[in-house]
file input34.pdb (PDB, C-alpha atoms, pLDDT in the B column)
ATOM      1  CA  MET A  24     -50.636 -26.076-195.047  1.00 76.00           C
ATOM      2  CA  MET A  25     -50.997 -22.330-195.582  1.00 82.00           C
ATOM      3  CA  ALA A  26     -53.909 -22.306-193.130  1.00 82.00           C
ATOM      4  CA  ARG A  27     -51.332 -23.050-190.424  1.00 83.00           C
ATOM      5  CA  ALA A  28     -48.885 -20.310-191.470  1.00 85.00           C
ATOM      6  CA  GLU A  29     -47.333 -18.125-188.807  1.00 88.00           C
ATOM      7  CA  ASP A  30     -48.283 -14.946-190.673  1.00 89.00           C
ATOM      8  CA  ALA A  31     -51.819 -13.978-189.643  1.00 86.00           C
ATOM      9  CA  PHE A  32     -52.782 -12.561-193.041  1.00 85.00           C
ATOM     10  CA  THR A  33     -51.519 -15.618-194.934  1.00 88.00           C
ATOM     11  CA  ARG A  34     -53.446 -17.818-192.537  1.00 89.00           C
ATOM     12  CA  GLU A  35     -56.625 -15.755-192.969  1.00 87.00           C
ATOM     13  CA  ILE A  36     -56.430 -15.755-196.790  1.00 88.00           C
ATOM     14  CA  ALA A  37     -55.823 -19.519-196.839  1.00 90.00           C
ATOM     15  CA  GLU A  38     -58.818 -20.122-194.575  1.00 90.00           C
ATOM     16  CA  ARG A  39     -60.978 -17.797-196.660  1.00 89.00           C
ATOM     17  CA  LEU A  40     -60.032 -19.648-199.848  1.00 90.00           C
ATOM     18  CA  LEU A  41     -60.678 -22.982-198.217  1.00 90.00           C
ATOM     19  CA  ASN A  42     -64.110 -21.895-196.972  1.00 91.00           C
ATOM     20  CA  ARG A  43     -64.971 -19.874-200.142  1.00 92.00           C
ATOM     21  CA  LYS A  44     -65.216 -16.613-198.200  1.00 90.00           C
ATOM     22  CA  LEU A  45     -63.703 -14.626-201.034  1.00 92.00           C
ATOM     23  CA  TYR A  46     -63.354 -10.890-201.383  1.00 94.00           C
ATOM     24  CA  LYS A  47     -66.407  -9.410-203.140  1.00 96.00           C
ATOM     25  CA  ALA A  48     -66.174  -7.098-206.142  1.00 96.00           C
ATOM     26  CA  VAL A  49     -67.577  -3.590-206.362  1.00 96.00           C
ATOM     27  CA  ASP A  50     -67.639  -2.584-210.032  1.00 95.00           C
ATOM     28  CA  VAL A  51     -66.787   1.101-209.842  1.00 94.00           C
ATOM     29  CA  SER A  52     -66.752   1.561-213.636  1.00 92.00           C
ATOM     30  CA  ALA A  53     -70.330   0.302-213.876  1.00 90.00           C
ATOM     31  CA  ALA A  54     -71.411   2.672-211.108  1.00 91.00           C
ATOM     32  CA  PHE A  55     -70.299   5.647-213.210  1.00 90.00           C
ATOM     33  CA  LEU A  56     -71.741   4.560-216.559  1.00 85.00           C
ATOM     34  CA  GLY A  57     -73.824   7.442-217.793  1.00 79.00           C
ATOM     35  CA  ARG A  58     -72.859   9.690-214.893  1.00 78.00           C
ATOM     36  CA  GLY A  59     -69.322  10.794-215.511  1.00 77.00           C
ATOM     37  CA  ASN A  60     -67.725   7.596-216.786  1.00 83.00           C
ATOM     38  CA  GLU A  61     -63.916   7.938-216.601  1.00 86.00           C
ATOM     39  CA  ALA A  62     -64.040  11.304-214.832  1.00 90.00           C
ATOM     40  CA  GLY A  63     -66.246   9.815-212.122  1.00 91.00           C
ATOM     41  CA  VAL A  64     -63.911   6.833-211.727  1.00 92.00           C
ATOM     42  CA  ALA A  65     -60.922   9.195-211.412  1.00 93.00           C
ATOM     43  CA  LYS A  66     -62.674  11.213-208.698  1.00 93.00           C
ATOM     44  CA  PHE A  67     -63.592   8.010-206.859  1.00 94.00           C
ATOM     45  CA  ARG A  68     -59.997   6.781-207.043  1.00 95.00           C
ATOM     46  CA  ALA A  69     -58.766  10.083-205.608  1.00 95.00           C
ATOM     47  CA  LYS A  70     -61.235   9.841-202.703  1.00 95.00           C
ATOM     48  CA  LEU A  71     -60.342   6.197-202.095  1.00 96.00           C
ATOM     49  CA  THR A  72     -56.628   7.025-202.060  1.00 95.00           C
ATOM     50  CA  ALA A  73     -57.263   9.817-199.555  1.00 96.00           C
ATOM     51  CA  ALA A  74     -59.304   7.427-197.380  1.00 96.00           C
ATOM     52  CA  LYS A  75     -56.548   4.798-197.498  1.00 95.00           C
ATOM     53  CA  ASN A  76     -53.876   7.403-196.678  1.00 95.00           C
ATOM     54  CA  SER A  77     -55.883   8.554-193.665  1.00 96.00           C
ATOM     55  CA  ASN A  78     -56.051   4.944-192.435  1.00 94.00           C
ATOM     56  CA  GLU A  79     -59.801   4.508-192.904  1.00 95.00           C
ATOM     57  CA  PHE A  80     -59.020   1.027-194.200  1.00 95.00           C
ATOM     58  CA  ASP A  81     -56.723  -1.668-192.857  1.00 91.00           C
ATOM     59  CA  GLU A  82     -53.923  -2.819-195.119  1.00 87.00           C
ATOM     60  CA  PHE A  83     -55.780  -5.884-196.389  1.00 89.00           C
ATOM     61  CA  ASP A  84     -59.376  -4.598-196.317  1.00 93.00           C
ATOM     62  CA  LEU A  85     -59.471  -4.119-200.067  1.00 95.00           C
ATOM     63  CA  PHE A  86     -57.556  -4.365-203.288  1.00 94.00           C
ATOM     64  CA  GLU A  87     -58.037  -2.678-206.630  1.00 95.00           C
ATOM     65  CA  ASP A  88     -58.013  -4.220-210.086  1.00 94.00           C
ATOM     66  CA  THR A  89     -58.175  -2.773-213.588  1.00 91.00           C
ATOM     67  CA  PRO A  90     -58.580  -5.653-216.035  1.00 88.00           C
ATOM     68  CA  LYS A  91     -58.748  -5.022-219.759  1.00 83.00           C
ATOM     69  CA  ARG A  92     -61.263  -6.742-221.982  1.00 75.00           C
ATOM     70  CA  ASN A  93     -60.762  -7.104-225.688  1.00 70.00           C
ATOM     71  CA  PRO A  94     -63.731  -8.813-227.345  1.00 64.00           C
ATOM     72  CA  TYR A  95     -61.892  -9.228-230.641  1.00 61.00           C
ATOM     73  CA  LYS A  96     -58.140  -9.658-230.547  1.00 62.00           C
ATOM     74  CA  ARG A  97     -56.396  -8.347-233.594  1.00 57.00           C
ATOM     75  CA  ARG A  98     -53.545 -10.667-234.531  1.00 56.00           C
ATOM     76  CA  GLY A  99     -50.675 -10.312-236.955  1.00 59.00           C
ATOM     77  CA  TYR A 100     -50.286 -12.746-239.835  1.00 57.00           C
ATOM     78  CA  ASP A 101     -46.740 -13.639-238.871  1.00 62.00           C
ATOM     79  CA  THR A 102     -47.490 -14.691-235.286  1.00 62.00           C
ATOM     80  CA  PRO A 103     -48.459 -18.105-233.896  1.00 60.00           C
ATOM     81  CA  GLU A 104     -51.818 -16.541-232.975  1.00 61.00           C
ATOM     82  CA  ALA A 105     -52.588 -16.065-236.671  1.00 54.00           C
ATOM     83  CA  LEU A 106     -54.280 -19.453-236.679  1.00 53.00           C
ATOM     84  CA  ALA A 107     -56.935 -17.998-234.385  1.00 60.00           C
ATOM     85  CA  LYS A 108     -57.810 -15.187-236.799  1.00 65.00           C
ATOM     86  CA  VAL A 109     -61.206 -15.153-238.422  1.00 71.00           C
ATOM     87  CA  LEU A 110     -60.423 -14.922-242.130  1.00 72.00           C
ATOM     88  CA  ILE A 111     -63.002 -14.221-244.807  1.00 76.00           C
ATOM     89  CA  ARG A 112     -62.362 -15.237-248.413  1.00 78.00           C
ATOM     90  CA  GLN A 113     -62.535 -12.260-250.755  1.00 79.00           C
ATOM     91  CA  PRO A 114     -65.122 -12.356-253.577  1.00 80.00           C
ATOM     92  CA  SER A 115     -62.272 -12.754-256.072  1.00 80.00           C
ATOM     93  CA  GLY A 116     -61.453 -16.046-254.357  1.00 76.00           C
ATOM     94  CA  ASP A 117     -57.737 -15.261-254.380  1.00 80.00           C
ATOM     95  CA  ASP A 118     -57.222 -13.615-251.022  1.00 81.00           C
ATOM     96  CA  PHE A 119     -58.369 -13.681-247.399  1.00 78.00           C
ATOM     97  CA  GLU A 120     -59.111 -10.698-245.171  1.00 77.00           C
ATOM     98  CA  ASP A 121     -59.366 -10.477-241.398  1.00 75.00           C
ATOM     99  CA  LEU A 122     -62.940 -10.089-240.155  1.00 73.00           C
ATOM    100  CA  SER A 123     -61.890  -6.989-238.188  1.00 70.00           C
ATOM    101  CA  ASN A 124     -61.119  -5.214-241.463  1.00 73.00           C
ATOM    102  CA  LEU A 125     -64.438  -6.140-243.092  1.00 75.00           C
ATOM    103  CA  SER A 126     -67.017  -5.802-240.339  1.00 75.00           C
ATOM    104  CA  GLU A 127     -68.129  -2.439-238.948  1.00 78.00           C
ATOM    105  CA  VAL A 128     -69.430  -4.256-235.884  1.00 77.00           C
ATOM    106  CA  VAL A 129     -66.058  -5.862-235.147  1.00 70.00           C
ATOM    107  CA  LYS A 130     -64.273  -2.553-235.856  1.00 68.00           C
ATOM    108  CA  SER A 131     -66.420  -0.916-233.200  1.00 70.00           C
ATOM    109  CA  LEU A 132     -65.357  -3.459-230.566  1.00 70.00           C
ATOM    110  CA  GLN A 133     -62.581  -1.645-228.768  1.00 70.00           C
ATOM    111  CA  GLU A 134     -60.495  -2.752-225.833  1.00 74.00           C
ATOM    112  CA  LYS A 135     -62.253  -1.800-222.616  1.00 78.00           C
ATOM    113  CA  SER A 136     -60.808  -1.289-219.181  1.00 84.00           C
ATOM    114  CA  VAL A 137     -62.878  -1.662-216.017  1.00 89.00           C
ATOM    115  CA  TYR A 138     -62.041  -0.645-212.467  1.00 93.00           C
ATOM    116  CA  ARG A 139     -63.090  -2.804-209.539  1.00 96.00           C
ATOM    117  CA  VAL A 140     -62.465  -2.736-205.823  1.00 97.00           C
ATOM    118  CA  TYR A 141     -62.538  -6.072-204.013  1.00 96.00           C
ATOM    119  CA  VAL A 142     -63.610  -5.874-200.372  1.00 97.00           C
ATOM    120  CA  ARG A 143     -62.958  -8.129-197.414  1.00 94.00           C
ATOM    121  CA  ASN A 144     -66.365  -7.839-195.726  1.00 94.00           C
ATOM    122  CA  ASP A 145     -69.679  -5.959-195.611  1.00 96.00           C
ATOM    123  CA  ASP A 146     -68.296  -3.147-193.436  1.00 96.00           C
ATOM    124  CA  VAL A 147     -65.620  -2.358-196.022  1.00 96.00           C
ATOM    125  CA  ARG A 148     -68.182  -2.692-198.818  1.00 97.00           C
ATOM    126  CA  ASN A 149     -70.437  -0.159-197.084  1.00 96.00           C
ATOM    127  CA  LYS A 150     -67.517   2.284-196.776  1.00 96.00           C
ATOM    128  CA  ILE A 151     -66.780   1.888-200.498  1.00 96.00           C
ATOM    129  CA  LEU A 152     -70.445   2.398-201.398  1.00 95.00           C
ATOM    130  CA  SER A 153     -70.481   5.494-199.189  1.00 95.00           C
ATOM    131  CA  ILE A 154     -67.489   6.928-201.067  1.00 95.00           C
ATOM    132  CA  LEU A 155     -69.228   6.088-204.345  1.00 93.00           C
ATOM    133  CA  GLY A 156     -72.275   8.048-203.175  1.00 91.00           C
ATOM    134  CA  GLU A 157     -70.148  11.057-202.219  1.00 91.00           C
ATOM    135  CA  VAL A 158     -68.527  11.394-205.638  1.00 89.00           C
ATOM    136  CA  GLU A 159     -70.148  13.962-207.889  1.00 78.00           C
ATOM    137  CA  ALA A 160     -69.494  12.993-211.487  1.00 61.00           C
TER
END
call {"tool": "encode", "arguments": {"input": "input34.pdb", "output": "structure tokens"}}
result
Amino acid sequence: MMARAEDAFTREIAERLLNRKLYKAVDVSAAFLGRGNEAGVAKFRAKLTAAKNSNEFDEFDLFEDTPKRNPYKRRGYDTPEALAKVLIRQPSGDDFEDLSNLSEVVKSLQEKSVYRVYVRNDDVRNKILSILGEVEA
């Protein structure tokens, strides 16, 4: 149905979904691990914004995403999510404690944010990779 839409972009996206020609991810955060990290990502974002503002990309050539990952969700005792907590019985046998309070490993697991750019095709991907190469971290 959407593949027959009047709007050209809606039609293209529907056809791409149908034929599994999805946008491909470029993990910008991973590209700057060990060479600038967040500062490198910020510089890349500034260059990408400048490129988009100077019309180097069409409106739907790419989109950006910044998902957050939390490997261990800390939950309150008085929420419905409390049932998903990992509770450890205290040696006294009287009380329970959340694993995140007892384990140094779990304490070290912090929420992490990654920055990705999803590209329409190889030409756009090559432009993104070129911008990545230009950024000095």
call {"tool": "residues_around", "arguments": {"input": "input34.pdb", "residues": "range 73-78 of chain A", "least_positions_apart": "6", "cutoff": "10 Å", "atoms": "only C-alpha atoms", "output": "number ranges by chain"}}
result
A: 67, 84-85, 150-151, 154
call {"tool": "resolve_selection", "arguments": {"input": "input34.pdb", "expression": "the PyMOL selection byres ((chain A and resi 65) around 12)", "output": "list in words"}}
result
Val51, Ser52, Phe55, Gly59, Asn60, Glu61, Ala62, Gly63, Val64, Lys66, Phe67, Arg68, Ala69, Lys70, Leu71, Thr72, Val137, Tyr138, Leu155, Val158, Glu159 and Ala160 of chain A
call {"tool": "resolve_selection", "arguments": {"input": "input34.pdb", "expression": "the PyMOL selection byres ((chain A and resi 47) around 10)", "output": "PyMOL selection string"}}
result
chain A and resi 44-46+48-50+85+139-145+148
call {"tool": "atom_distance", "arguments": {"input": "input34.pdb", "atom1": "CA of Glu134 in chain A", "atom2": "CA of Pro90 in chain A"}}
result
10.4 Å
call {"tool": "residues_around", "arguments": {"input": "input34.pdb", "residues": "Leu110 in chain A", "least_positions_apart": "3", "cutoff": "6 Å", "atoms": "all atoms listed in the file", "output": "compact mmCIF listing (two decimals) with C-alpha atoms, in the coordinates of the input"}}
result
# COMPACT_ATOMS: atom_id res chain seq x y z
CA PHE A 119 -58.37 -13.68 -247.40
CA GLU A 120 -59.11 -10.70 -245.17
CA ASP A 121 -59.37 -10.48 -241.40
CA LEU A 122 -62.94 -10.09 -240.16
